[in-house]
Amino acid sequence: MIESFGWPEFMFLVRATGWTLVLTVIAFAFGGIVGGAFAIMRLSQSSLLRRIASVYILVIQSVPVLMVLFLSYYGLSLAGFDIPPLIAASLSLGIYVSAYLAEIWRGSIEAVPFQQWEASSSLAMTRGQQYRYVILPQALRISVPPTVGFLVQLVKNTSIVSVVGFVDLARAGQLINNATFQPFQVFGSVAVIYFLICFPLSRLSKHLEKVLHVGRTN
Amino acid sequence: MQYQFQFNSVLAESGFILQGILLTIYLSVGAIVLGSILAILFSAARSNGPRWMGIVVDVYVELLRNTPFLVQLFIIFFGLPAMGVRLTATQAALLAMTLNLAAYSTEIIRAGIDSIHRSQIEAGLSLAMTKRQIFQHVIIVPAIAKVWPALSSQFVLMLLASSICSFISVQELSGVTAIIEQRTFRSFESYIVATLLYLVLALTLKVGLLGLGRLIFPRVSGLSRVQVKGEAA
């Protein structure tokens with residue numbers, strides 16, 4: 001007997017949404033740390049560090065997330081780690097996030113007027129102090145809207161992790177569709193849930209852009 | 001244990017890989033051309049059409065930009081047959097990519113259109129141009145010229161997103177790679193080869209679009225670019 005898409009199936013989708021959000025948070029945290037490091041490297045005074053960072057960013061941004069996912073999944077298992085899908089998924093999404101956040105944050109740091117660097121160096125601050133007390137607090141403000149905007153991309157891109165056996169929202173939809181054969185109801189509901197997460201974030205990003213007066217320098 | 005890389009069995013499938021590359025190029029170029037045409041039509045409807053048309057376009061753009069490409073692909077591939085429309089996996093993939101890209105491009109072109117100064121439109125009016133002529137000659141071309149870099153990166157992101165079509169077993173580059181992986185049991189090597197090929201394809205497209213932009217919009221180098229970022233599908 002074929003089941004139909006009803007309340008229990010919907011609750012299954014809602015639970016899987018939880019995993020989508022967990023994955024988003026882990027990938028964002030991991031990617032944020034790595035991405036922040038690459039953003040600073042990209043602006044470092046050493047040309048070697050700058051070059052390493054720009055090659056990393058260029059490569060990751062020119063390769064599908066799906067390939068990063070497969071490479072980390074198979075690569076880690078070849079290296080002898082027996083890894084649960086959550087780890088492979090977080091790691092690969094984190095790598096993807098790091099490349100994009102590095103570029104967003106580099107742009108934000110560069111948007112801080114150059115005179116701020118000069119002024120702080122005339123106060124005999126070290127590079128670390130300049131970042132900590134002068135540049136980063138200003139860059140942070142500039143970076144908030146695009147970072148929130150990027151979160152939307154991340155939530156949507158978590159949908160591909162089902163290939164390594166992770167049951168997120170998109171995968172839950174596939175499982176239910178296989179049991180019910182009601183693609184419109186099932187994937188329609190999946191789309192609505194994604195939309196309810198992403199749309200407020202998109203709006204928030206646009207709103208913050210207006211409130212923080214970013215992007216309009218004159 | 002030391003892992004021995006063996007690329008021979010993967011590279012022996014180069015003919016099959018080439019087929020996958022060609023399908024990836026076909027899907028990407030097809031989606032870029034069709035998606036851009038749609039985006040220009042949508043932009044025209046937003047600026048010149050009646051109010052309800054603008055609202056329909058806005059709703060379309062927001063719906064597609066805030067749901068994953070994978071889910072859109074599933075709705076088209078699994079949903080349309082339930083409505084009696086038969087599509088092959090490749091046709092469904094092309095349709096999904098076109099609709100997705102059209103939404104993102106419409107949003108990018110909007111930024112370009114917003115940046116066209118009112119005085120330009122007034123100048124067009126004073127030359128007795130019709131609304132349509134103004135849109136065609138005064139608004140849309142300079143608008144696209146201004147946002148060309150953002151549009152280009154959106155096109156590159158679409159090329160990368162085409163890999164997701166392997167989920168509905170389209171045999172483009174990543175679909176072909178999945179089959180080769182099962183045949184050869186060389187998972188890591190298969191995906192290294194595919195990743196390098198995607199890298200080459202993406203960089204080629206990026207450079208190509210840059211050149212194309214210089215060719216089509218030669219006078220724009222002096223114009224100020226509008227800052228918009230492409231967004232991953």
# chains A, B, ... in the order shown; residues from 1 in each chain; ligands from 1
$ interface_residues --of "chain B" --to "chain A" --cutoff "8 Å" --atoms "only C-alpha atoms" --output "ChimeraX atom specification"
/B:3,62-63,66-72,74-75,78-79,82,156,160-161,163-164,187-188,191-192,194-195,198-199,202-203,227,231-233
$ atom_distance --atom1 "CA of Phe30 in chain A" --atom2 "CA of Gly128 in chain A"
22.2 Å
$ residues_around --residues "Arg118 in chain B" --least-positions-apart "4" --cutoff "12 Å" --atoms "only C-alpha atoms" --output "PDB file with C-alpha atoms, in the first residue's frame"
ATOM      1  CA  ILE B 113      18.790  49.487 -14.029  1.00  0.00           C
ATOM      2  CA  ASP B 114      18.565  51.291 -10.676  1.00  0.00           C
ATOM      3  CA  GLU B 122      14.506  62.300 -19.596  1.00  0.00           C
ATOM      4  CA  ALA B 123      16.939  62.809 -22.465  1.00  0.00           C
ATOM      5  CA  GLY B 124      15.349  59.851 -24.240  1.00  0.00           C
ATOM      6  CA  LEU B 125      11.870  61.308 -23.654  1.00  0.00           C
ATOM      7  CA  ILE B 134      14.099  54.027 -24.105  1.00  0.00           C
ATOM      8  CA  VAL B 138      18.951  53.888 -22.967  1.00  0.00           C
ATOM      9  CA  ILE B 139      18.350  51.537 -20.067  1.00  0.00           C
TER      10      ILE B 139
END
$ atom_distance --atom1 "CA of Gly32 in chain A" --atom2 "CA of Thr147 in chain A"
9.9 Å
$ select_by_dssp --residues "range 44-192 of chain B" --states "alpha helix (DSSP H)" --output "PyMOL selection string"
chain B and resi 44-48+51-65+69-74+80-82+89-114+118-126+131-133+141-161+173-184+187-192
$ atom_distance --atom1 "CA of Leu11 in chain B" --atom2 "CA of Ala178 in chain B"
14.0 Å
$ residues_around --residues "Phe42 in chain B" --least-positions-apart "4" --cutoff "7 Å" --atoms "only C-alpha atoms" --output "count of residues only"
4
$ closest_residue --among "B:Leu27, B:Ile109, B:Ala145, B:Ile37" --to "Gly213 in chain B" --atoms "only C-alpha atoms"
B:Ala145
$ residues_around --residues "range 7-17 of chain A" --least-positions-apart "3" --cutoff "7 Å" --atoms "only C-alpha atoms" --output "mmCIF file with C-alpha atoms, in the first residue's frame"
data_model
loop_
_atom_site.group_PDB
_atom_site.id
_atom_site.type_symbol
_atom_site.label_atom_id
_atom_site.label_comp_id
_atom_site.auth_asym_id
_atom_site.auth_seq_id
_atom_site.Cartn_x
_atom_site.Cartn_y
_atom_site.Cartn_z
ATOM 1 C CA THR A 20 19.950 21.116 8.188
ATOM 2 C CA LEU A 21 20.249 23.903 10.752
ATOM 3 C CA VAL A 167 19.494 12.903 6.248
ATOM 4 C CA ASP A 168 18.872 16.620 5.960
ATOM 5 C CA LEU A 169 15.713 18.357 4.780
ATOM 6 C CA ALA A 172 14.031 13.592 3.935
ATOM 7 C CA GLY A 173 11.974 14.927 1.038
ATOM 8 C CA ILE A 176 9.123 10.577 1.612
#
$ closest_residue --among "B:Val85, B:Val170, B:Val228, B:Leu205" --to "Leu151 in chain B" --atoms "only C-alpha atoms"
B:Val228
$ decode --residues "range 156-189 of chain A" --atoms "C-alpha atoms" --output "JSON list (two decimals), in the first residue's frame"
[["chain", "number", "residue", "atom", "x", "y", "z"],
["A", 156, "LYS", "CA", 20.54, 26.24, 0.42],
["A", 157, "ASN", "CA", 23.81, 24.49, -0.35],
["A", 158, "THR", "CA", 23.50, 22.14, 2.63],
["A", 159, "SER", "CA", 20.86, 20.39, 0.49],
["A", 160, "ILE", "CA", 23.52, 18.50, -1.44],
["A", 161, "VAL", "CA", 24.95, 16.61, 1.55],
["A", 162, "SER", "CA", 22.41, 13.84, 1.12],
["A", 163, "VAL", "CA", 24.88, 12.16, -1.29],
["A", 164, "VAL", "CA", 27.08, 11.08, 1.60],
["A", 165, "GLY", "CA", 24.15, 9.59, 3.48],
["A", 166, "PHE", "CA", 23.24, 12.54, 5.67],
["A", 167, "VAL", "CA", 19.49, 12.90, 6.25],
["A", 168, "ASP", "CA", 18.87, 16.62, 5.96],
["A", 169, "LEU", "CA", 15.71, 18.36, 4.78],
["A", 170, "ALA", "CA", 16.27, 17.67, 1.06],
["A", 171, "ARG", "CA", 17.10, 14.00, 1.71],
["A", 172, "ALA", "CA", 14.03, 13.59, 3.94],
["A", 173, "GLY", "CA", 11.97, 14.93, 1.04],
["A", 174, "GLN", "CA", 13.45, 12.33, -1.31],
["A", 175, "LEU", "CA", 12.73, 9.51, 1.17],
["A", 176, "ILE", "CA", 9.12, 10.58, 1.61],
["A", 177, "ASN", "CA", 8.67, 11.04, -2.13],
["A", 178, "ASN", "CA", 9.89, 7.48, -2.70],
["A", 179, "ALA", "CA", 7.22, 6.22, -0.29],
["A", 180, "THR", "CA", 4.30, 8.42, -1.33],
["A", 181, "PHE", "CA", 4.83, 9.35, -5.01],
["A", 182, "GLN", "CA", 3.36, 12.78, -4.35],
["A", 183, "PRO", "CA", 6.22, 14.93, -5.62],
["A", 184, "PHE", "CA", 4.36, 18.25, -5.66],
["A", 185, "GLN", "CA", 3.15, 18.01, -2.07],
["A", 186, "VAL", "CA", 6.45, 16.65, -0.75],
["A", 187, "PHE", "CA", 8.95, 18.87, -2.57],
["A", 188, "GLY", "CA", 6.54, 21.79, -2.37],
["A", 189, "SER", "CA", 6.60, 21.46, 1.43]]
